[in-house]
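See below for start-v2.txt, which holds compact mmCIF, C-alpha atoms.
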# COMPACT_ATOMS: atom_id res chain seq x y z
CA MET A 1 97.58 -70.57 34.91
CA ALA A 2 95.96 -68.14 32.84
CA ILE A 3 92.81 -68.85 30.97
CA MET A 4 92.92 -67.86 27.41
CA LEU A 5 89.85 -66.28 26.03
CA PRO A 6 89.03 -66.80 22.40
CA ILE A 7 89.89 -63.92 20.09
CA ILE A 8 86.87 -61.92 19.14
CA SER A 9 86.98 -59.85 15.98
CA ILE A 10 84.62 -56.87 15.96
CA ASN A 11 83.92 -55.43 12.51
CA HIS A 12 81.27 -52.74 12.34
CA ALA A 13 81.64 -52.20 8.56
CA PRO A 14 78.81 -53.72 6.48
CA ILE A 15 79.51 -56.62 4.20
CA GLN A 16 80.29 -55.45 0.67
CA HIS A 17 78.58 -58.35 -1.16
CA ASP A 18 75.31 -56.39 -1.61
CA ARG A 19 77.07 -53.35 -3.10
CA ALA A 20 79.14 -55.48 -5.44
CA ILE A 21 76.03 -57.12 -6.92
CA LYS A 22 74.33 -53.75 -7.43
CA GLY A 23 77.46 -52.41 -9.14
CA ILE A 24 77.65 -55.37 -11.50
CA VAL A 25 73.95 -55.01 -12.40
CA LEU A 26 74.36 -51.27 -13.07
CA LEU A 27 77.46 -51.93 -15.18
CA ALA A 28 75.59 -54.54 -17.23
CA LEU A 29 72.65 -52.16 -17.75
CA GLY A 30 75.03 -49.41 -18.83
CA ILE A 31 76.69 -51.69 -21.36
CA VAL A 32 73.32 -52.80 -22.78
CA ALA A 33 72.13 -49.17 -23.01
CA SER A 34 75.38 -48.14 -24.72
CA LEU A 35 75.05 -50.94 -27.27
CA GLY A 36 71.43 -49.97 -27.96
CA LEU A 37 72.37 -46.32 -28.38
CA PHE A 38 75.23 -47.24 -30.71
CA ALA A 39 72.90 -49.38 -32.86
CA TRP A 40 70.34 -46.53 -32.99
CA LEU A 41 73.03 -44.01 -34.03
CA GLN A 42 74.19 -46.38 -36.78
CA GLN A 43 70.62 -46.64 -38.03
CA LEU A 44 70.26 -42.83 -38.03
CA ASN A 45 73.56 -42.46 -39.90
CA THR A 46 72.43 -44.96 -42.55
CA GLU A 47 69.11 -43.13 -42.94
CA GLN A 48 70.90 -39.77 -43.25
CA GLN A 49 73.19 -41.14 -45.96
CA ARG A 50 70.17 -42.49 -47.86
CA LEU A 51 68.38 -39.13 -47.60
CA ASN A 52 71.49 -37.25 -48.75
CA ALA A 53 71.76 -39.57 -51.76
CA ASP A 54 68.07 -38.97 -52.57
CA LEU A 55 68.57 -35.19 -52.24
CA GLN A 56 71.58 -35.23 -54.55
CA GLN A 57 69.64 -37.29 -57.07
CA MET A 58 66.75 -34.78 -56.95
CA GLN A 59 69.07 -31.81 -57.35
CA ALA A 60 70.98 -33.34 -60.24
CA PRO A 61 69.89 -31.95 -63.59
CA THR A 62 67.74 -34.43 -65.43
CA ALA A 63 68.53 -35.29 -68.96
CA MET A 64 66.08 -33.47 -71.21
CA PRO A 65 65.24 -35.11 -74.47
CA LYS A 66 66.58 -33.31 -77.50
CA LEU A 67 63.91 -31.11 -79.00
CA ASN A 68 63.94 -29.43 -82.36
CA GLY A 69 63.55 -25.64 -82.58
CA LYS A 70 59.72 -25.55 -82.79
CA GLU A 71 59.25 -28.05 -79.95
CA SER A 72 61.78 -26.21 -77.79
CA GLN A 73 60.09 -22.87 -78.36
CA ALA A 74 56.65 -24.36 -77.65
CA LYS A 75 57.95 -25.97 -74.46
CA GLN A 76 59.49 -22.68 -73.31
CA GLN A 77 56.21 -20.85 -73.98
CA GLU A 78 54.32 -23.50 -72.03
CA ILE A 79 56.73 -23.18 -69.09
CA ALA A 80 56.42 -19.37 -69.20
CA ALA A 81 52.60 -19.62 -69.24
CA VAL A 82 52.61 -22.01 -66.26
CA GLN A 83 54.98 -19.74 -64.32
CA ALA A 84 52.81 -16.70 -65.10
CA ALA A 85 49.70 -18.54 -63.91
CA MET A 86 51.45 -19.66 -60.73
CA HIS A 87 52.63 -16.10 -60.05
CA GLU A 88 49.14 -14.76 -60.64
CA LEU A 89 47.58 -17.34 -58.32
CA ALA A 90 50.11 -16.84 -55.54
CA LEU A 91 48.19 -14.91 -52.92
CA PRO A 92 49.83 -12.59 -50.39
CA TRP A 93 48.05 -14.36 -47.53
CA GLN A 94 50.29 -13.01 -44.80
CA ARG A 95 49.86 -9.39 -45.89
CA LEU A 96 46.10 -9.82 -46.32
CA PHE A 97 45.61 -11.44 -42.91
CA LEU A 98 47.81 -8.85 -41.19
CA ALA A 99 45.74 -6.06 -42.74
CA LEU A 100 42.49 -7.70 -41.59
CA GLU A 101 43.88 -8.30 -38.10
CA ASN A 102 45.00 -4.66 -37.84
CA ILE A 103 41.36 -3.61 -37.80
CA LYS A 104 40.44 -3.84 -34.12
CA ASP A 105 36.65 -3.90 -34.15
CA ASN A 106 34.95 -6.31 -31.76
CA GLU A 107 31.55 -5.38 -33.19
CA ILE A 108 32.33 -7.05 -36.55
CA LYS A 109 32.28 -10.83 -37.00
CA LEU A 110 33.79 -12.08 -40.26
CA ALA A 111 31.75 -14.86 -41.87
CA SER A 112 33.91 -15.57 -44.94
CA ILE A 113 36.88 -14.36 -46.95
CA GLU A 114 36.90 -15.20 -50.66
CA PRO A 115 39.95 -14.25 -52.73
CA ASN A 116 39.80 -13.68 -56.48
CA PRO A 117 43.47 -14.00 -57.50
CA ARG A 118 42.96 -13.05 -61.14
CA GLN A 119 41.39 -9.69 -60.29
CA HIS A 120 43.41 -9.23 -57.06
CA LYS A 121 40.20 -8.80 -55.09
CA LEU A 122 39.06 -10.01 -51.71
CA ARG A 123 35.36 -10.46 -50.93
CA ILE A 124 34.62 -10.25 -47.22
CA THR A 125 31.28 -11.29 -45.75
CA ALA A 126 30.62 -10.09 -42.21
CA ASN A 127 27.94 -9.42 -39.59
CA THR A 128 27.44 -6.67 -37.02
CA ASN A 129 24.87 -5.16 -34.69
CA GLU A 130 24.68 -1.65 -36.12
CA VAL A 131 24.87 -0.13 -39.59
CA VAL A 132 27.33 2.45 -38.22
CA ASN A 133 29.78 -0.36 -37.39
CA MET A 134 29.54 -1.59 -40.98
CA PHE A 135 30.52 1.81 -42.34
CA LYS A 136 33.38 2.15 -39.83
CA TYR A 137 34.68 -1.27 -40.94
CA VAL A 138 34.57 -0.29 -44.63
CA ARG A 139 36.44 2.93 -43.81
CA SER A 140 39.03 0.99 -41.75
CA LEU A 141 39.57 -1.42 -44.64
CA SER A 142 40.13 1.45 -47.06
CA GLU A 143 42.77 2.90 -44.70
CA GLN A 144 44.87 -0.29 -44.88
CA PRO A 145 47.84 0.22 -47.26
CA ILE A 146 47.38 -3.14 -48.98
CA PHE A 147 43.82 -2.36 -50.09
CA ASN A 148 42.47 0.09 -52.62
CA ASP A 149 39.01 0.36 -54.18
CA VAL A 150 37.16 -0.86 -51.09
CA LEU A 151 33.47 -1.10 -51.93
CA LEU A 152 30.40 -2.05 -49.93
CA MET A 153 28.75 -4.49 -52.33
CA SER A 154 25.57 -5.29 -50.41
CA HIS A 155 23.97 -5.29 -46.99
CA GLU A 156 20.86 -6.83 -45.48
CA PHE A 157 19.05 -6.37 -42.21
CA HIS A 158 17.66 -9.50 -40.47
CA HIS A 159 15.61 -8.61 -37.38
CA ASP A 160 15.54 -12.16 -36.02
CA GLN A 161 19.34 -12.63 -35.72
CA PRO A 162 21.67 -11.62 -32.87
CA MET A 163 23.85 -9.67 -35.34
CA PRO A 164 21.18 -8.38 -37.72
CA VAL A 165 23.33 -6.47 -40.23
CA HIS A 166 24.80 -8.82 -42.84
CA PHE A 167 27.10 -7.17 -45.41
CA VAL A 168 29.60 -7.91 -48.19
CA VAL A 169 32.67 -5.79 -48.89
CA GLU A 170 35.00 -6.13 -51.86
CA ALA A 171 38.55 -4.81 -51.65
CA ALA A 172 41.21 -4.89 -54.33
CA TRP A 173 44.68 -5.55 -52.99
CA VAL A 174 47.82 -3.98 -54.33
CA PRO A 175 50.01 -6.68 -55.91
CA GLN A 176 53.47 -6.84 -54.46
CA PRO A 177 56.23 -6.44 -57.06
Show this structure as C-alpha cells.
Amino acid sequence: MAIMLPIISINHAPIQHDRAIKGIVLLALGIVASLGLFAWLQQLNTEQQRLNADLQQMQAPTAMPKLNGKESQAKQQEIAAVQAAMHELALPWQRLFLALENIKDNEIKLASIEPNPRQHKLRITANTNEVVNMFKYVRSLSEQPIFNDVLLMSHEFHHDQPMPVHFVVEAAWVPQP
C-alpha cells in the first residue's frame, strides 16, 4: 500500500498580471498622446493654409482706380519722391558700426552717435583721459574707408571727471551706390 502524496506544482516564474496592466496603461497613454499630436498637427495645417491664403492675398496686385493723365503723373511723381526720401534716409548702419568697431582704442568711450542722413554725416561724442588719445581717434576714423572729411568739431577739458577730455567729431560717410 503505497501512500500517494499530493502533486505539488513548483512555478518560479512571476505572475504576469502586473506586467499586463502596465502594458495596457502604456498602450492607452500612447493612443491618447497620438490623438493629441494628430489634433495639434491638424490645427497647425489649418493655420498654415490660412497664412498662405493671407500671403497670396497680400501679393496679389490690388486694383488701382483709373486715373486720368494728370493724376497719374502726379501720383508717379509722389511715389518717386517718397522712394527718393526713403533711399536718402536709409542708413548704412552695418558699415558704420563695423568701421567704428574696427578702431581698437580702449582709452576712448563713445557717449553718443548722431547720424544726419541728408548730409551723410555722423556726429560722434566721446570721452578720453588724454588729448593725445583724442587725436589718435580722429586719425583712426579718417583712415576708415567709409569715412571722409573727418573733423574735430569741439573739445572741452573737465578736471573733475574721470575722463576729463570731452570731444565731438563729425565724419561724412561715403554713400554706397
Separation of atom CA of Met86 of chain A from atom CA of His120 of chain A, in Å and rounded to one decimal: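 Separation of atom CA of Met86 of chain A and atom CA of His120 of chain A: 13.7 Å.
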List the spatial neighbours of segment 110-114 of chain A as an MDAnalysis selection string - criterion: any atom at most 12 Å away, all atoms listed in the file, same-chain residues fewer than 6 positions off excluded. chainID A and resid 91 93 96:97 100:101 103 120:128 134 137 163 165:172
Residue among A:Pro92, A:Gln119, A:Ile24, A:Asp105 lying closest to Val138 of chain A, counting only C-alpha atoms: A:Asp105
Separation of atom CA of Ala99 of chain A from atom CA of Ser140 of chain A, in Å and rounded to one decimal: 9.8 Å
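Take the candidates A:Asn106, A:Ile21, A:Arg118, A:His159 and check each one against Ala84 of chain A using all atoms listed in the file; the shortest distance goes to A:Arg118.
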Draw an axis-aligned box over all listed atoms of segment 70-74 of chain A, pad each side with 6 Å, and write its centre and edge lengths in Å, one decimal, as JSON.
{"center_x": 59.2, "center_y": -25.5, "center_z": -80.2, "size_x": 17.1, "size_y": 17.2, "size_z": 17.1}
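Atom CA of Pro145 of chain A is found 8.2 Å from atom CA of Val174 of chain A.
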